[in-house]
Amino acid sequence: MKLMFASDIHGSLPATERVLSLFSQSGAQWLVILGDVLNHGPRNALPEGYAPAQVADKLNPFASRIIAVRGNCDSEVDQMLLHFPITAPWQQVLLENSRLFLTHGHLFSPDNLPALAAGDVLVYGHTHIPVAEKRGEIYHFNPGSVSIPKGGYPASYGLLDGNTLSVIALNDQQVIAQVAINP
């Protein structure tokens with residue numbers, strides 16, 4: 001299975017267009033959006049090309065291929081513009097040997113783990129900082145932010161290809177972090 005992950009779009013039209021272009025080229029079956037889709041939130045500066053309604057218009061044609069979770073900046077009003085559900089606080093994707101627990105990161109996080117089994121993967125956003133590593137018996141994966149990166153990292157997205165989780169720079173496609181799950 002091949003999945004693409006995008007988090008913390010925050011209403012950036014250029015970031016959305018880049019993500020959708022890469023998704024179309026990636027061969028991924030699903031685009032997993034880890035919350036904070038349309039709004040920038042009060043703690044963030046406006047991202048480049050802030051255009052929430054246009055972001056919704058760009059994402060909606062891909063609705064049948066999007067799995068999304070609600071971020072702390074997402075609201076029921078946002079759901080009115082989007083043709084795919086964004087109000088679930090978490091989702092799960094079952095792989096052959098493990099489970100991906102998808103969440104934004106403000107409810108469940110590395111500091112507040114859900115019940116996970118050895119080999120499962122906590123997939124989250126929220127911090128805007130890329131992570132791809134094994135901590136104890138659980139994998140942690142954060143694709144960073146496609147629009148408002150933090151910690152000195154470039155804008156980035158994630159990819160699951162086979163058993164490898166990668167964080168990839170949005171613009172130059174350099175691998176920022178990578179981990180093999182259940183090798």
# chains A, B, ... in the order shown; residues from 1 in each chain; ligands from 1
call {"tool": "residues_around", "arguments": {"residues": "Ile181 in chain A", "least_positions_apart": "5", "cutoff": "12 Å", "atoms": "only C-alpha atoms", "output": "mmCIF file with C-alpha atoms, in the first residue's frame"}}
result
data_model
loop_
_atom_site.group_PDB
_atom_site.id
_atom_site.type_symbol
_atom_site.label_atom_id
_atom_site.label_comp_id
_atom_site.auth_asym_id
_atom_site.auth_seq_id
_atom_site.Cartn_x
_atom_site.Cartn_y
_atom_site.Cartn_z
ATOM 1 C CA LEU A 95 -1.766 -2.699 7.419
ATOM 2 C CA GLU A 96 -0.788 -6.339 7.181
ATOM 3 C CA ASN A 97 1.370 -6.301 10.332
ATOM 4 C CA SER A 98 0.497 -3.071 12.098
ATOM 5 C CA ARG A 99 -1.958 -0.225 12.488
ATOM 6 C CA LEU A 100 -1.603 3.439 11.619
ATOM 7 C CA ALA A 118 3.940 -3.093 19.553
ATOM 8 C CA GLY A 119 4.703 -2.186 15.958
ATOM 9 C CA ASP A 120 1.810 0.272 15.584
ATOM 10 C CA VAL A 121 2.410 3.780 14.246
ATOM 11 C CA LEU A 122 1.236 7.049 15.771
ATOM 12 C CA ALA A 132 10.064 9.406 11.570
ATOM 13 C CA GLU A 133 11.425 7.131 14.295
ATOM 14 C CA LYS A 134 10.799 4.194 16.574
ATOM 15 C CA ARG A 135 10.361 5.002 20.261
ATOM 16 C CA GLU A 137 7.831 -0.501 20.575
ATOM 17 C CA ILE A 138 5.824 2.249 18.817
ATOM 18 C CA TYR A 139 6.678 4.156 15.658
ATOM 19 C CA HIS A 140 6.148 7.924 15.579
ATOM 20 C CA PHE A 141 5.533 9.688 12.280
ATOM 21 C CA LEU A 160 4.286 5.349 3.144
ATOM 22 C CA ASP A 161 5.711 3.139 0.415
ATOM 23 C CA GLY A 162 5.719 -0.542 1.338
ATOM 24 C CA ASN A 163 7.088 -0.612 4.864
ATOM 25 C CA THR A 164 8.995 2.690 4.679
ATOM 26 C CA LEU A 165 7.677 5.948 6.107
ATOM 27 C CA SER A 166 9.429 9.033 4.717
#
call {"tool": "residues_around", "arguments": {"residues": "range 103-113 of chain A", "least_positions_apart": "5", "cutoff": "10 Å", "atoms": "only C-alpha atoms", "output": "short mmCIF file (atom, residue, chain, number, x, y, z; two decimals) with N, CA and C atoms, in the first residue's frame"}}
result
data_model
loop_
_atom_site.label_atom_id
_atom_site.label_comp_id
_atom_site.auth_asym_id
_atom_site.auth_seq_id
_atom_site.Cartn_x
_atom_site.Cartn_y
_atom_site.Cartn_z
N SER A 7 -0.15 17.53 6.27
CA SER A 7 -0.67 18.07 7.51
C SER A 7 -0.52 19.58 7.53
N ASP A 8 -1.41 20.21 8.27
CA ASP A 8 -1.30 21.63 8.54
C ASP A 8 -1.18 22.46 7.27
N ILE A 33 -4.94 13.45 5.22
CA ILE A 33 -4.78 14.82 5.69
C ILE A 33 -4.95 14.82 7.20
N LEU A 34 -3.92 15.28 7.89
CA LEU A 34 -3.85 15.20 9.35
C LEU A 34 -4.29 16.48 10.05
N GLY A 35 -5.31 17.12 9.51
CA GLY A 35 -5.92 18.25 10.20
C GLY A 35 -5.36 19.61 9.86
N ASP A 36 -6.07 20.63 10.36
CA ASP A 36 -5.78 22.04 10.10
C ASP A 36 -5.74 22.31 8.60
N ALA A 68 -9.23 11.94 6.29
CA ALA A 68 -8.83 13.12 7.05
C ALA A 68 -9.26 13.02 8.50
N VAL A 69 -8.54 13.74 9.35
CA VAL A 69 -8.89 13.89 10.75
C VAL A 69 -8.99 15.38 11.06
N ARG A 70 -9.68 15.68 12.14
CA ARG A 70 -9.90 17.06 12.55
C ARG A 70 -8.69 17.60 13.31
N GLY A 71 -8.26 18.79 12.93
CA GLY A 71 -7.22 19.48 13.67
C GLY A 71 -7.81 20.49 14.62
N ASN A 72 -6.98 21.10 15.44
CA ASN A 72 -7.47 22.07 16.41
C ASN A 72 -7.94 23.37 15.76
N ALA A 88 -13.69 13.78 12.38
CA ALA A 88 -13.28 12.69 13.26
C ALA A 88 -11.98 13.06 13.96
N PRO A 89 -11.89 12.87 15.28
CA PRO A 89 -10.65 13.21 15.98
C PRO A 89 -9.52 12.25 15.68
N TRP A 90 -9.85 11.05 15.18
CA TRP A 90 -8.84 10.07 14.81
C TRP A 90 -9.44 9.08 13.82
N GLN A 91 -8.56 8.43 13.09
CA GLN A 91 -8.91 7.36 12.15
C GLN A 91 -7.84 6.28 12.31
N GLN A 92 -8.13 5.11 11.75
CA GLN A 92 -7.13 4.04 11.75
C GLN A 92 -7.04 3.43 10.36
N LEU A 122 1.96 5.82 15.47
CA LEU A 122 1.24 7.05 15.77
C LEU A 122 1.57 8.03 14.65
N VAL A 123 0.56 8.41 13.87
CA VAL A 123 0.74 9.34 12.76
C VAL A 123 0.02 10.62 13.15
N TYR A 124 0.76 11.72 13.23
CA TYR A 124 0.19 12.97 13.74
C TYR A 124 0.83 14.18 13.06
N GLY A 125 0.19 15.32 13.22
CA GLY A 125 0.72 16.59 12.73
C GLY A 125 0.86 17.54 13.90
N HIS A 126 0.27 18.73 13.78
CA HIS A 126 0.13 19.72 14.84
C HIS A 126 1.41 20.47 15.19
N THR A 127 2.52 19.78 15.36
CA THR A 127 3.75 20.45 15.78
C THR A 127 4.47 21.14 14.63
N ARG A 135 10.14 4.68 18.84
CA ARG A 135 10.36 5.00 20.26
C ARG A 135 9.81 3.83 21.06
N ILE A 138 6.76 1.50 19.65
CA ILE A 138 5.82 2.25 18.82
C ILE A 138 6.60 3.15 17.86
N TYR A 139 6.10 3.23 16.63
CA TYR A 139 6.68 4.16 15.66
C TYR A 139 5.95 5.50 15.76
N HIS A 140 6.70 6.57 15.57
CA HIS A 140 6.15 7.92 15.58
C HIS A 140 6.43 8.54 14.22
N PHE A 141 5.38 9.10 13.61
CA PHE A 141 5.53 9.69 12.28
C PHE A 141 4.75 10.99 12.19
N ASN A 142 5.45 12.07 11.89
CA ASN A 142 4.85 13.38 11.68
C ASN A 142 5.43 13.92 10.37
#
call {"tool": "select_by_dssp", "arguments": {"residues": "range 56-147 of chain A", "states": "helix (DSSP H, G or I)", "output": "number ranges by chain"}}
result
A: 56-65, 76-81
call {"tool": "write_last_selection", "arguments": {"atoms": "C-alpha atoms", "output": "short mmCIF file (atom, residue, chain, number, x, y, z; two decimals), in the first residue's frame"}}
result
data_model
loop_
_atom_site.label_atom_id
_atom_site.label_comp_id
_atom_site.auth_asym_id
_atom_site.auth_seq_id
_atom_site.Cartn_x
_atom_site.Cartn_y
_atom_site.Cartn_z
CA ALA A 56 -11.56 23.51 -0.52
CA ASP A 57 -12.32 23.80 -4.24
CA LYS A 58 -8.96 22.20 -5.10
CA LEU A 59 -9.32 19.35 -2.57
CA ASN A 60 -12.96 18.45 -3.30
CA PRO A 61 -12.34 16.67 -6.64
CA PHE A 62 -10.09 14.27 -4.68
CA ALA A 63 -12.70 13.65 -1.94
CA SER A 64 -13.10 9.93 -2.67
CA ARG A 65 -9.35 9.42 -2.17
CA GLU A 76 -17.92 22.49 11.55
CA VAL A 77 -18.12 25.54 9.28
CA ASP A 78 -15.06 24.25 7.41
CA GLN A 79 -16.86 20.94 6.90
CA MET A 80 -19.57 22.82 4.99
CA LEU A 81 -17.00 23.63 2.25
#
call {"tool": "residues_around", "arguments": {"residues": "Leu22 in chain A", "least_positions_apart": "2", "cutoff": "12 Å", "atoms": "only C-alpha atoms", "output": "PyMOL selection string"}}
result
chain A and resi 3-6+15-20+24-28+31+146+156-159+168-173
call {"tool": "select_by_dssp", "arguments": {"residues": "chain A", "states": "strand (DSSP E)", "output": "JSON, numbers by chain"}}
result
{"A": [2, 3, 4, 5, 6, 30, 31, 32, 33, 66, 67, 68, 90, 91, 92, 93, 94, 99, 100, 101, 102, 103, 121, 122, 123, 131, 132, 133, 134, 135, 138, 139, 140, 141, 142, 156, 157, 158, 159, 160, 161, 164, 165, 166, 167, 168, 169, 175, 176, 177, 178, 179, 180]}
call {"tool": "residues_around", "arguments": {"residues": "range 47-52 of chain A", "least_positions_apart": "5", "cutoff": "6 Å", "atoms": "only C-alpha atoms", "output": "list in words"}}
result
Gly11, Ser12, Leu13 and Leu38 of chain A
call {"tool": "write_last_selection", "arguments": {"atoms": "C-alpha atoms", "output": "mmCIF file, in the first residue's frame"}}
result
data_model
loop_
_atom_site.group_PDB
_atom_site.id
_atom_site.type_symbol
_atom_site.label_atom_id
_atom_site.label_comp_id
_atom_site.auth_asym_id
_atom_site.auth_seq_id
_atom_site.Cartn_x
_atom_site.Cartn_y
_atom_site.Cartn_z
ATOM 1 C CA GLY A 11 -5.577 27.416 3.914
ATOM 2 C CA SER A 12 -2.457 27.821 1.739
ATOM 3 C CA LEU A 13 -3.447 27.562 -1.923
ATOM 4 C CA LEU A 38 -8.539 25.566 5.876
#
call {"tool": "atom_distance", "arguments": {"atom1": "CA of Gly152 in chain A", "atom2": "CA of Gly41 in chain A"}}
result
20.1 Å
call {"tool": "atom_distance", "arguments": {"atom1": "CA of Gly144 in chain A", "atom2": "CA of Ile176 in chain A"}}
result
9.9 Å
call {"tool": "atom_distance", "arguments": {"atom1": "CA of Val55 in chain A", "atom2": "CA of Met1 in chain A"}}
result
26.6 Å
call {"tool": "closest_residue", "arguments": {"among": "A:Ala45, A:Val32, A:Ala115, A:Ile66", "to": "Pro149 in chain A", "atoms": "only C-alpha atoms"}}
result
A:Ala45
call {"tool": "closest_residue", "arguments": {"among": "A:Ile67, A:Cys73, A:Ala155, A:Leu94", "to": "His10 in chain A", "atoms": "only C-alpha atoms"}}
result
A:Cys73
